[in-house]
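Q: Sharing my_file-v4.pdb here; it has PDB, C-alpha atoms and all ligand atoms.
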```
ATOM      1  CA  MET A   1     -94.362  -8.686 182.035
ATOM      2  CA  ASN A   2     -91.003 -10.304 181.556
ATOM      3  CA  GLU A   3     -91.811 -13.977 181.772
ATOM      4  CA  LYS A   4     -89.187 -16.352 180.501
ATOM      5  CA  LEU A   5     -90.470 -18.894 178.037
ATOM      6  CA  PRO A   6     -90.258 -22.556 178.807
ATOM      7  CA  PRO A   7     -87.127 -23.662 176.877
ATOM      8  CA  SER A   8     -89.265 -25.691 174.464
ATOM      9  CA  SER A   9     -91.032 -22.606 172.997
ATOM     10  CA  VAL A  10     -89.768 -20.278 170.304
ATOM     11  CA  LEU A  11     -93.007 -18.320 170.155
ATOM     12  CA  GLN A  12     -95.776 -17.794 172.623
ATOM     13  CA  ALA A  13     -98.755 -15.505 172.135
ATOM     14  CA  VAL A  14    -101.316 -15.180 174.906
ATOM     15  CA  ASP A  15    -104.699 -13.458 174.631
ATOM     16  CA  VAL A  16    -103.613 -11.088 171.852
ATOM     17  CA  HIS A  17    -106.161  -8.401 170.946
ATOM     18  CA  LYS A  18    -105.986  -5.836 168.165
ATOM     19  CA  HIS A  19    -108.394  -3.360 166.634
ATOM     20  CA  PHE A  20    -108.017  -0.631 164.039
ATOM     21  CA  TYR A  21    -110.000   2.539 163.513
ATOM     22  CA  GLN A  22    -111.605   3.319 160.188
ATOM     23  CA  GLY A  23    -112.528   6.949 160.753
ATOM     24  CA  SER A  24    -114.352   6.808 164.078
ATOM     25  CA  THR A  25    -115.504   3.205 163.594
ATOM     26  CA  GLU A  26    -113.667   0.591 165.606
ATOM     27  CA  VAL A  27    -112.733  -2.491 163.574
ATOM     28  CA  PRO A  28    -111.932  -5.405 165.883
ATOM     29  CA  VAL A  29    -109.456  -7.789 164.210
ATOM     30  CA  LEU A  30    -107.848 -10.035 166.837
ATOM     31  CA  ASN A  31    -109.963 -11.079 169.732
ATOM     32  CA  GLY A  32    -107.866 -13.193 172.095
ATOM     33  CA  VAL A  33    -105.325 -15.142 170.042
ATOM     34  CA  ASP A  34    -103.377 -17.874 171.825
ATOM     35  CA  LEU A  35    -100.547 -19.604 170.001
ATOM     36  CA  GLU A  36     -97.370 -21.486 170.809
ATOM     37  CA  LEU A  37     -94.641 -22.907 168.568
ATOM     38  CA  GLU A  38     -91.858 -25.307 169.423
ATOM     39  CA  PRO A  39     -88.485 -25.506 167.692
ATOM     40  CA  GLY A  40     -88.768 -27.299 164.363
ATOM     41  CA  GLU A  41     -92.554 -27.020 164.267
ATOM     42  CA  ARG A  42     -94.261 -26.110 161.000
ATOM     43  CA  VAL A  43     -97.648 -24.515 161.544
ATOM     44  CA  ALA A  44     -99.979 -23.186 158.853
ATOM     45  CA  ILE A  45    -102.579 -20.465 159.361
ATOM     46  CA  ILE A  46    -105.491 -20.209 157.015
ATOM     47  CA  GLY A  47    -108.484 -17.895 157.108
ATOM     48  CA  ARG A  48    -110.654 -15.699 154.956
ATOM     49  CA  SER A  49    -109.354 -12.531 153.375
ATOM     50  CA  GLY A  50    -109.578  -9.797 156.010
ATOM     51  CA  SER A  51    -109.649 -12.248 158.933
ATOM     52  CA  GLY A  52    -106.486 -10.702 160.390
ATOM     53  CA  LYS A  53    -103.701 -13.110 159.357
ATOM     54  CA  SER A  54    -101.258 -10.422 158.250
ATOM     55  CA  SER A  55    -102.118  -8.273 161.267
ATOM     56  CA  LEU A  56    -101.349 -11.222 163.551
ATOM     57  CA  LEU A  57     -98.012 -11.961 161.864
ATOM     58  CA  HIS A  58     -97.003  -8.302 162.106
ATOM     59  CA  ILE A  59     -97.731  -8.305 165.833
ATOM     60  CA  LEU A  60     -95.865 -11.589 166.407
ATOM     61  CA  ALA A  61     -92.847 -10.143 164.571
ATOM     62  CA  GLY A  62     -92.986  -6.897 166.548
ATOM     63  CA  LEU A  63     -93.713  -4.881 163.405
ATOM     64  CA  ASP A  64     -96.899  -3.754 165.134
ATOM     65  CA  THR A  65     -98.052  -3.900 168.749
ATOM     66  CA  ALA A  66    -101.025  -5.631 170.349
ATOM     67  CA  ASP A  67    -103.665  -3.666 172.253
ATOM     68  CA  ARG A  68    -103.682  -6.353 174.916
ATOM     69  CA  GLY A  69    -102.026  -9.699 175.562
ATOM     70  CA  HIS A  70     -98.444 -10.955 175.462
ATOM     71  CA  VAL A  71     -96.035 -12.008 172.753
ATOM     72  CA  ASN A  72     -92.801 -13.740 173.657
ATOM     73  CA  VAL A  73     -90.199 -14.728 171.065
ATOM     74  CA  VAL A  74     -87.225 -16.908 172.040
ATOM     75  CA  GLY A  75     -87.555 -15.718 175.615
ATOM     76  CA  GLU A  76     -87.905 -12.020 174.761
ATOM     77  CA  ASP A  77     -91.028 -10.123 175.779
ATOM     78  CA  MET A  78     -92.018  -8.213 172.635
ATOM     79  CA  GLY A  79     -94.631  -6.114 174.449
ATOM     80  CA  GLY A  80     -92.070  -4.736 176.883
ATOM     81  CA  ALA A  81     -89.508  -3.962 174.170
ATOM     82  CA  SER A  82     -88.998  -0.639 172.373
ATOM     83  CA  SER A  83     -89.342  -0.628 168.587
ATOM     84  CA  GLU A  84     -85.496  -0.613 168.317
ATOM     85  CA  GLN A  85     -85.281  -3.595 170.664
ATOM     86  CA  ARG A  86     -87.984  -5.410 168.677
ATOM     87  CA  ALA A  87     -86.042  -4.772 165.475
ATOM     88  CA  ALA A  88     -82.907  -6.192 167.089
ATOM     89  CA  ILE A  89     -84.785  -9.305 168.287
ATOM     90  CA  ARG A  90     -86.254  -9.729 164.812
ATOM     91  CA  CYS A  91     -82.887  -9.376 163.148
ATOM     92  CA  ALA A  92     -81.182 -11.847 165.478
ATOM     93  CA  HIS A  93     -83.840 -14.541 165.719
ATOM     94  CA  MET A  94     -86.557 -14.133 163.106
ATOM     95  CA  GLY A  95     -87.096 -14.274 159.395
ATOM     96  CA  PHE A  96     -90.141 -12.454 158.048
ATOM     97  CA  VAL A  97     -91.691 -12.850 154.606
ATOM     98  CA  TYR A  98     -94.135 -10.008 153.868
ATOM     99  CA  GLN A  99     -97.257 -10.606 151.814
ATOM    100  CA  GLN A 100     -95.898  -7.886 149.496
ATOM    101  CA  HIS A 101     -92.241  -8.876 149.323
ATOM    102  CA  HIS A 102     -90.776  -5.477 150.518
ATOM    103  CA  LEU A 103     -87.409  -5.924 148.842
ATOM    104  CA  LEU A 104     -85.173  -2.852 148.752
ATOM    105  CA  PRO A 105     -85.466  -1.605 145.148
ATOM    106  CA  GLU A 106     -81.927  -0.272 144.795
ATOM    107  CA  PHE A 107     -80.285  -3.480 146.041
ATOM    108  CA  SER A 108     -79.610  -6.599 143.960
ATOM    109  CA  ALA A 109     -81.177  -9.956 144.854
ATOM    110  CA  LEU A 110     -77.903 -11.014 146.496
ATOM    111  CA  GLU A 111     -77.583  -7.768 148.496
ATOM    112  CA  ASN A 112     -81.208  -7.996 149.636
ATOM    113  CA  VAL A 113     -80.694 -11.539 150.914
ATOM    114  CA  ALA A 114     -77.381 -10.660 152.595
ATOM    115  CA  LEU A 115     -78.847  -7.629 154.378
ATOM    116  CA  PRO A 116     -80.066  -9.286 157.620
ATOM    117  CA  GLN A 117     -76.677 -10.944 158.065
ATOM    118  CA  ARG A 118     -74.899  -7.653 157.368
ATOM    119  CA  LEU A 119     -77.121  -6.026 160.017
ATOM    120  CA  ASN A 120     -76.005  -8.834 162.334
ATOM    121  CA  ARG A 121     -72.446  -7.624 161.559
ATOM    122  CA  LEU A 122     -71.382 -10.600 159.507
ATOM    123  CA  GLU A 123     -68.538  -9.957 157.113
ATOM    124  CA  LYS A 124     -69.681  -9.195 153.570
ATOM    125  CA  SER A 125     -67.952 -12.187 151.941
ATOM    126  CA  VAL A 126     -69.413 -14.605 154.525
ATOM    127  CA  ALA A 127     -72.914 -13.094 154.254
ATOM    128  CA  GLU A 128     -72.817 -13.210 150.475
ATOM    129  CA  ALA A 129     -71.562 -16.797 150.371
ATOM    130  CA  SER A 130     -74.500 -18.112 152.429
ATOM    131  CA  SER A 131     -76.887 -15.833 150.525
ATOM    132  CA  ARG A 132     -75.697 -17.296 147.227
ATOM    133  CA  GLU A 133     -76.289 -20.769 148.618
ATOM    134  CA  ILE A 134     -79.858 -20.054 149.725
ATOM    135  CA  LEU A 135     -80.688 -18.216 146.478
ATOM    136  CA  ASP A 136     -79.443 -21.280 144.666
ATOM    137  CA  ALA A 137     -81.687 -23.456 146.834
ATOM    138  CA  VAL A 138     -84.760 -21.408 145.823
ATOM    139  CA  GLY A 139     -83.783 -21.723 142.146
ATOM    140  CA  LEU A 140     -82.359 -18.206 141.702
ATOM    141  CA  GLY A 141     -78.624 -18.833 141.456
ATOM    142  CA  HIS A 142     -78.768 -17.217 138.004
ATOM    143  CA  ARG A 143     -80.444 -14.000 139.208
ATOM    144  CA  LEU A 144     -78.003 -12.784 141.884
ATOM    145  CA  GLU A 145     -77.271  -9.373 140.386
ATOM    146  CA  HIS A 146     -80.823  -8.542 139.306
ATOM    147  CA  LEU A 147     -82.605  -5.619 140.934
ATOM    148  CA  PRO A 148     -86.137  -6.410 142.177
ATOM    149  CA  SER A 149     -87.576  -4.375 139.264
ATOM    150  CA  ALA A 150     -85.871  -6.819 136.856
ATOM    151  CA  LEU A 151     -87.340  -9.904 138.543
ATOM    152  CA  SER A 152     -90.699 -11.554 137.967
ATOM    153  CA  GLY A 153     -93.291 -11.519 140.770
ATOM    154  CA  GLY A 154     -92.534 -15.133 141.700
ATOM    155  CA  GLU A 155     -88.794 -14.481 141.611
ATOM    156  CA  ARG A 156     -89.198 -11.496 143.937
ATOM    157  CA  GLN A 157     -91.194 -13.665 146.291
ATOM    158  CA  ARG A 158     -88.456 -16.307 146.312
ATOM    159  CA  VAL A 159     -85.794 -13.654 147.011
ATOM    160  CA  ALA A 160     -87.929 -12.481 149.941
ATOM    161  CA  VAL A 161     -88.084 -16.040 151.280
ATOM    162  CA  ALA A 162     -84.311 -16.455 150.819
ATOM    163  CA  ARG A 163     -83.786 -13.194 152.749
ATOM    164  CA  ALA A 164     -85.879 -14.551 155.620
ATOM    165  CA  LEU A 165     -83.862 -17.784 155.780
ATOM    166  CA  ALA A 166     -80.243 -16.801 155.061
ATOM    167  CA  HIS A 167     -79.320 -15.707 158.596
ATOM    168  CA  GLN A 168     -80.585 -19.042 159.985
ATOM    169  CA  PRO A 169     -83.249 -17.612 162.289
ATOM    170  CA  ARG A 170     -84.926 -19.785 164.905
ATOM    171  CA  LEU A 171     -88.386 -18.665 163.813
ATOM    172  CA  VAL A 172     -89.712 -17.785 160.356
ATOM    173  CA  LEU A 173     -93.038 -15.985 159.896
ATOM    174  CA  ALA A 174     -94.173 -16.082 156.285
ATOM    175  CA  ASP A 175     -97.256 -14.395 154.826
ATOM    176  CA  GLU A 176     -98.399 -16.393 151.781
ATOM    177  CA  PRO A 177     -94.833 -17.159 150.608
ATOM    178  CA  THR A 178     -96.045 -19.352 147.751
ATOM    179  CA  GLY A 179     -98.939 -17.102 146.671
ATOM    180  CA  ASN A 180     -97.367 -16.030 143.356
ATOM    181  CA  LEU A 181     -95.661 -19.289 142.470
ATOM    182  CA  ASP A 182     -96.356 -22.130 140.065
ATOM    183  CA  GLN A 183     -96.832 -25.532 141.702
ATOM    184  CA  ALA A 184     -93.254 -26.749 141.054
ATOM    185  CA  SER A 185     -91.665 -23.607 142.564
ATOM    186  CA  ALA A 186     -94.093 -23.711 145.494
ATOM    187  CA  VAL A 187     -93.161 -27.329 146.197
ATOM    188  CA  GLN A 188     -89.446 -26.461 145.959
ATOM    189  CA  LEU A 189     -89.897 -23.694 148.550
ATOM    190  CA  MET A 190     -91.964 -25.848 150.873
ATOM    191  CA  ASP A 191     -89.384 -28.654 150.626
ATOM    192  CA  LEU A 192     -86.695 -26.161 151.620
ATOM    193  CA  MET A 193     -88.719 -25.076 154.649
ATOM    194  CA  VAL A 194     -89.319 -28.695 155.657
ATOM    195  CA  SER A 195     -85.622 -29.554 155.399
ATOM    196  CA  LEU A 196     -84.562 -26.464 157.375
ATOM    197  CA  SER A 197     -87.073 -27.211 160.103
ATOM    198  CA  GLU A 198     -85.806 -30.781 160.320
ATOM    199  CA  ALA A 199     -82.062 -30.073 159.997
ATOM    200  CA  ASN A 200     -81.798 -26.846 162.019
ATOM    201  CA  GLY A 201     -84.911 -26.897 164.190
ATOM    202  CA  THR A 202     -86.209 -23.724 162.524
ATOM    203  CA  ALA A 203     -89.865 -23.141 163.429
ATOM    204  CA  PHE A 204     -92.184 -21.927 160.649
ATOM    205  CA  LEU A 205     -95.507 -20.123 160.962
ATOM    206  CA  VAL A 206     -96.904 -19.779 157.463
ATOM    207  CA  VAL A 207    -100.063 -18.073 156.219
ATOM    208  CA  THR A 208    -101.249 -19.908 153.150
ATOM    209  CA  HIS A 209    -104.305 -20.316 150.948
ATOM    210  CA  ASP A 210    -102.737 -23.305 149.222
ATOM    211  CA  VAL A 211    -104.561 -26.370 150.538
ATOM    212  CA  SER A 212    -102.283 -28.677 148.527
ATOM    213  CA  MET A 213     -99.448 -27.675 150.918
ATOM    214  CA  LEU A 214    -101.253 -28.298 154.180
ATOM    215  CA  HIS A 215    -100.057 -31.896 154.610
ATOM    216  CA  ARG A 216     -96.474 -30.582 154.954
ATOM    217  CA  PHE A 217     -97.346 -28.853 158.240
ATOM    218  CA  HIS A 218     -97.506 -30.422 161.672
ATOM    219  CA  ARG A 219    -100.568 -28.346 162.529
ATOM    220  CA  VAL A 220    -103.078 -26.284 160.594
ATOM    221  CA  LEU A 221    -104.904 -23.447 162.357
ATOM    222  CA  THR A 222    -107.741 -21.214 161.235
ATOM    223  CA  LEU A 223    -108.119 -17.555 162.146
ATOM    224  CA  ASN A 224    -111.812 -16.987 162.523
ATOM    225  CA  ALA A 225    -113.671 -14.132 164.248
ATOM    226  CA  GLY A 226    -110.382 -12.934 165.676
ATOM    227  CA  ARG A 227    -109.447 -16.221 167.319
ATOM    228  CA  ILE A 228    -107.302 -19.233 166.475
ATOM    229  CA  GLU A 229    -109.027 -22.568 166.047
ATOM    230  CA  ALA A 230    -107.807 -25.973 164.938
ATOM    231  CA  TYR A 231    -108.592 -26.483 161.250
ATOM    232  CA  SER A 232    -111.128 -29.068 160.296
ATOM    233  CA  HIS A 233    -111.692 -30.159 156.719
ATOM    234  CA  ASP A 234    -115.315 -29.025 156.998
ATOM    235  CA  ASP A 235    -114.144 -25.371 157.338
TER     236      ASP A 235
HETATM  237  N1  LIG A 301    -103.842  -0.067 159.311
HETATM  238  C1  LIG A 301    -105.116  -0.441 159.256
HETATM  239  N2  LIG A 301    -106.116   0.444 159.465
HETATM  240  C2  LIG A 301    -107.411   0.064 159.441
HETATM  241  N3  LIG A 301    -107.817  -1.194 159.197
HETATM  242  C3  LIG A 301    -106.871  -2.118 158.973
HETATM  243  C4  LIG A 301    -105.476  -1.805 158.977
HETATM  244  N4  LIG A 301    -104.771  -2.937 158.730
HETATM  245  C5  LIG A 301    -105.683  -3.912 158.552
HETATM  246  N5  LIG A 301    -106.941  -3.435 158.711
HETATM  247  C6  LIG A 301    -108.175  -4.212 158.619
HETATM  248  O1  LIG A 301    -108.011  -5.353 159.414
HETATM  249  C7  LIG A 301    -108.603  -6.495 158.802
HETATM  250  C8  LIG A 301    -107.571  -7.614 158.723
HETATM  251  O2  LIG A 301    -106.569  -7.273 157.773
HETATM  252  P1  LIG A 301    -105.401  -8.266 157.446
HETATM  253  O3  LIG A 301    -104.539  -7.602 156.434
HETATM  254  O4  LIG A 301    -104.745  -8.703 158.708
HETATM  255  O5  LIG A 301    -106.207  -9.499 156.805
HETATM  256  P2  LIG A 301    -105.684 -10.841 156.132
HETATM  257  O6  LIG A 301    -106.325 -11.991 156.858
HETATM  258  O7  LIG A 301    -104.205 -10.826 156.076
HETATM  259  O8  LIG A 301    -106.305 -10.760 154.666
HETATM  260  P3  LIG A 301    -105.733 -11.279 153.229
HETATM  261  O9  LIG A 301    -105.977 -12.760 153.176
HETATM  262  O10 LIG A 301    -106.583 -10.521 152.253
HETATM  263  O11 LIG A 301    -104.293 -10.905 153.158
HETATM  264  C9  LIG A 301    -109.108  -6.029 157.442
HETATM  265  O12 LIG A 301    -110.500  -5.857 157.518
HETATM  266  C10 LIG A 301    -108.411  -4.712 157.221
HETATM  267  O13 LIG A 301    -109.201  -3.818 156.490
HETATM  268 MG    MG A 302    -102.867 -10.787 154.520
END
```
Translate the structure of the given file into structure tokens.
A:
Amino acid sequence: MNEKLPPSSVLQAVDVHKHFYQGSTEVPVLNGVDLELEPGERVAIIGRSGSGKSSLLHILAGLDTADRGHVNVVGEDMGGASSEQRAAIRCAHMGFVYQQHHLLPEFSALENVALPQRLNRLEKSVAEASSREILDAVGLGHRLEHLPSALSGGERQRVAVARALAHQPRLVLADEPTGNLDQASAVQLMDLMVSLSEANGTAFLVVTHDVSMLHRFHRVLTLNAGRIEAYSHDD
């Protein structure tokens, strides 16, 4: 399929299915996920541990593939793309925050954040200038030269968020980006996401367990039994 998205969508997932095998046992995880995000939209996903939130984000980002269904990101059909093409789409249009930060251990905080822009062939001085700015915005202007091993868990998480934002992607997928943070740092990060979505039209899809953050999202969805449902406070 090579359907073009309606111009209002940055992400469209239709009837996404995924299962894994544990030995010979089939473990169904996603069972027909439908999801659409518009520019500037902030959408939260909540759900029990093991409900498939990370698996879904990986598929939406093209880090993994669906068994069935369609994923379209800024007009690009992820299912029809090779893994190299998916990486190029991700690099150009997406920011991804892994549940485990996945920073490159031999690179400093600044180099880690500048990497997506360098891959997009931006000059080093330009990439590092905007990376400094975003690291400053997440409260890490004083940690630019630190290697990940010399950062605290919360600092590493903030570097990972800065890396996902610095190249000004149209869509950010973030897997529990405030999971390791104190309340003040979590609020600072969420405020940054809100201002970027409002100023630049960046869309955010964020997995979170932090119910105190939910009011900052336009929509809250639950992943339950492999499907997306609207969240109700009774959940
Ligand atoms: N590569 C894999 N092989 C086999 N099973 C897997 C694999 N990846 C994930 N699973 C299973 O899929 C289910 C969903 O995992 P996933 O990591 O997506 O959950 P999650 O909702 O992100 O959980 P958490 O809130 O704990 O991060 C789990 O039961 C997990 O064991
Ligand atoms: Mg997870």
Q: For the provided coordinates, the residues matched by the PyMOL selection byres (((chain A and resi 221) around 6) and not hetatm) should be stated as a short mmCIF file (atom, residue, chain, number, x, y, z; two decimals) with C-alpha atoms, in the coordinates of the input.
A:
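Result written to part_26.cif:
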```cif
data_model
loop_
_atom_site.label_atom_id
_atom_site.label_comp_id
_atom_site.auth_asym_id
_atom_site.auth_seq_id
_atom_site.Cartn_x
_atom_site.Cartn_y
_atom_site.Cartn_z
CA ILE A 45 -102.58 -20.46 159.36
CA VAL A 220 -103.08 -26.28 160.59
CA THR A 222 -107.74 -21.21 161.24
CA GLU A 229 -109.03 -22.57 166.05
CA ALA A 230 -107.81 -25.97 164.94
CA TYR A 231 -108.59 -26.48 161.25
#
```
Q: Would you write out, as a ChimeraX atom specification, every residue that the PyMOL selection byres (((chain A and resi 137) around 10) and not hetatm) captures in this file?
A: /A:131-136,138-141,158,162,188-189,192
Q: Please identify all polymer residues within 7 Å of region 56-70 of chain A, counting only C-alpha atoms, omitting same-chain residues fewer than 5 positions from it, and present them as a ChimeraX atom specification.
A: /A:13-18,78-79,86,90,173
Q: Selection from above, C-alpha atoms, as an mmCIF file, in the frame of the given file, can you write it?
A:
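Once everything was written out, this is again-v3.cif:
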```
data_model
loop_
_atom_site.group_PDB
_atom_site.id
_atom_site.type_symbol
_atom_site.label_atom_id
_atom_site.label_comp_id
_atom_site.auth_asym_id
_atom_site.auth_seq_id
_atom_site.Cartn_x
_atom_site.Cartn_y
_atom_site.Cartn_z
ATOM 1 C CA ALA A 13 -98.755 -15.505 172.135
ATOM 2 C CA VAL A 14 -101.316 -15.180 174.906
ATOM 3 C CA ASP A 15 -104.699 -13.458 174.631
ATOM 4 C CA VAL A 16 -103.613 -11.088 171.852
ATOM 5 C CA HIS A 17 -106.161 -8.401 170.946
ATOM 6 C CA LYS A 18 -105.986 -5.836 168.165
ATOM 7 C CA MET A 78 -92.018 -8.213 172.635
ATOM 8 C CA GLY A 79 -94.631 -6.114 174.449
ATOM 9 C CA ARG A 86 -87.984 -5.410 168.677
ATOM 10 C CA ARG A 90 -86.254 -9.729 164.812
ATOM 11 C CA LEU A 173 -93.038 -15.985 159.896
#
```
Q: Quick check, in Å to one decimal: how far apart do CA of Arg42 (chain A) and CA of Leu122 (chain A) lie?
A: 27.7 Å
Q: From the set A:His215, A:Lys124, A:Arg170, A:His209, which residue has the shortest atom-to-atom contact distance to ligand MG 302 (chain A), counting only C-alpha atoms and all ligand atoms?
A: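 Result for the nearest residue to ligand MG 302 (chain A): A:His209.
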Q: At a cut-off of 7 Å around ligand MG 302 (chain A), and using all atoms listed in the file, what residues come up? Please write them as a list of chain:residue names.
A: A:Ser49, A:Gly50, A:Gly52, A:Lys53, A:Ser54, A:Gln99, A:Asp175
Q: Would you mind putting back N, CA and C atoms on region 97-116 of chain A, then writing it out as a compact mmCIF listing (two decimals), keeping the file's coordinate frame?
A:
```txt
# COMPACT_ATOMS: atom_id res chain seq x y z
N VAL A 97 -91.36 -12.98 156.03
CA VAL A 97 -91.69 -12.85 154.61
C VAL A 97 -93.00 -12.08 154.52
N TYR A 98 -92.94 -10.85 154.01
CA TYR A 98 -94.14 -10.01 153.87
C TYR A 98 -95.02 -10.52 152.74
N GLN A 99 -96.32 -10.24 152.88
CA GLN A 99 -97.26 -10.61 151.81
C GLN A 99 -96.87 -9.89 150.52
N GLN A 100 -96.49 -8.61 150.64
CA GLN A 100 -95.90 -7.89 149.50
C GLN A 100 -94.41 -7.86 149.80
N HIS A 101 -93.61 -8.47 149.00
CA HIS A 101 -92.24 -8.88 149.32
C HIS A 101 -91.37 -7.85 150.07
N HIS A 102 -91.58 -6.52 149.84
CA HIS A 102 -90.78 -5.48 150.52
C HIS A 102 -89.28 -5.64 150.32
N LEU A 103 -88.85 -5.93 149.11
CA LEU A 103 -87.41 -5.92 148.84
C LEU A 103 -86.97 -4.48 148.67
N LEU A 104 -85.69 -4.20 148.95
CA LEU A 104 -85.17 -2.85 148.75
C LEU A 104 -84.87 -2.67 147.26
N PRO A 105 -85.51 -1.68 146.62
CA PRO A 105 -85.47 -1.60 145.15
C PRO A 105 -84.08 -1.32 144.59
N GLU A 106 -83.23 -0.65 145.36
CA GLU A 106 -81.93 -0.27 144.79
C GLU A 106 -80.86 -1.32 145.07
N PHE A 107 -81.24 -2.41 145.73
CA PHE A 107 -80.28 -3.48 146.04
C PHE A 107 -80.55 -4.68 145.14
N SER A 108 -79.46 -5.39 144.76
CA SER A 108 -79.61 -6.60 143.96
C SER A 108 -80.23 -7.71 144.81
N ALA A 109 -80.62 -8.80 144.14
CA ALA A 109 -81.18 -9.96 144.85
C ALA A 109 -80.19 -10.40 145.93
N LEU A 110 -78.92 -10.55 145.54
CA LEU A 110 -77.90 -11.01 146.50
C LEU A 110 -77.77 -10.05 147.68
N GLU A 111 -77.73 -8.75 147.41
CA GLU A 111 -77.58 -7.77 148.50
C GLU A 111 -78.81 -7.77 149.41
N ASN A 112 -80.00 -7.93 148.82
CA ASN A 112 -81.21 -8.00 149.64
C ASN A 112 -81.15 -9.17 150.61
N VAL A 113 -80.72 -10.32 150.08
CA VAL A 113 -80.69 -11.54 150.91
C VAL A 113 -79.61 -11.43 151.99
N ALA A 114 -78.50 -10.77 151.64
CA ALA A 114 -77.38 -10.66 152.60
C ALA A 114 -77.64 -9.63 153.69
N LEU A 115 -78.65 -8.77 153.47
CA LEU A 115 -78.85 -7.63 154.38
C LEU A 115 -79.03 -8.01 155.86
N PRO A 116 -79.92 -8.96 156.19
CA PRO A 116 -80.07 -9.29 157.62
C PRO A 116 -78.76 -9.75 158.26
```
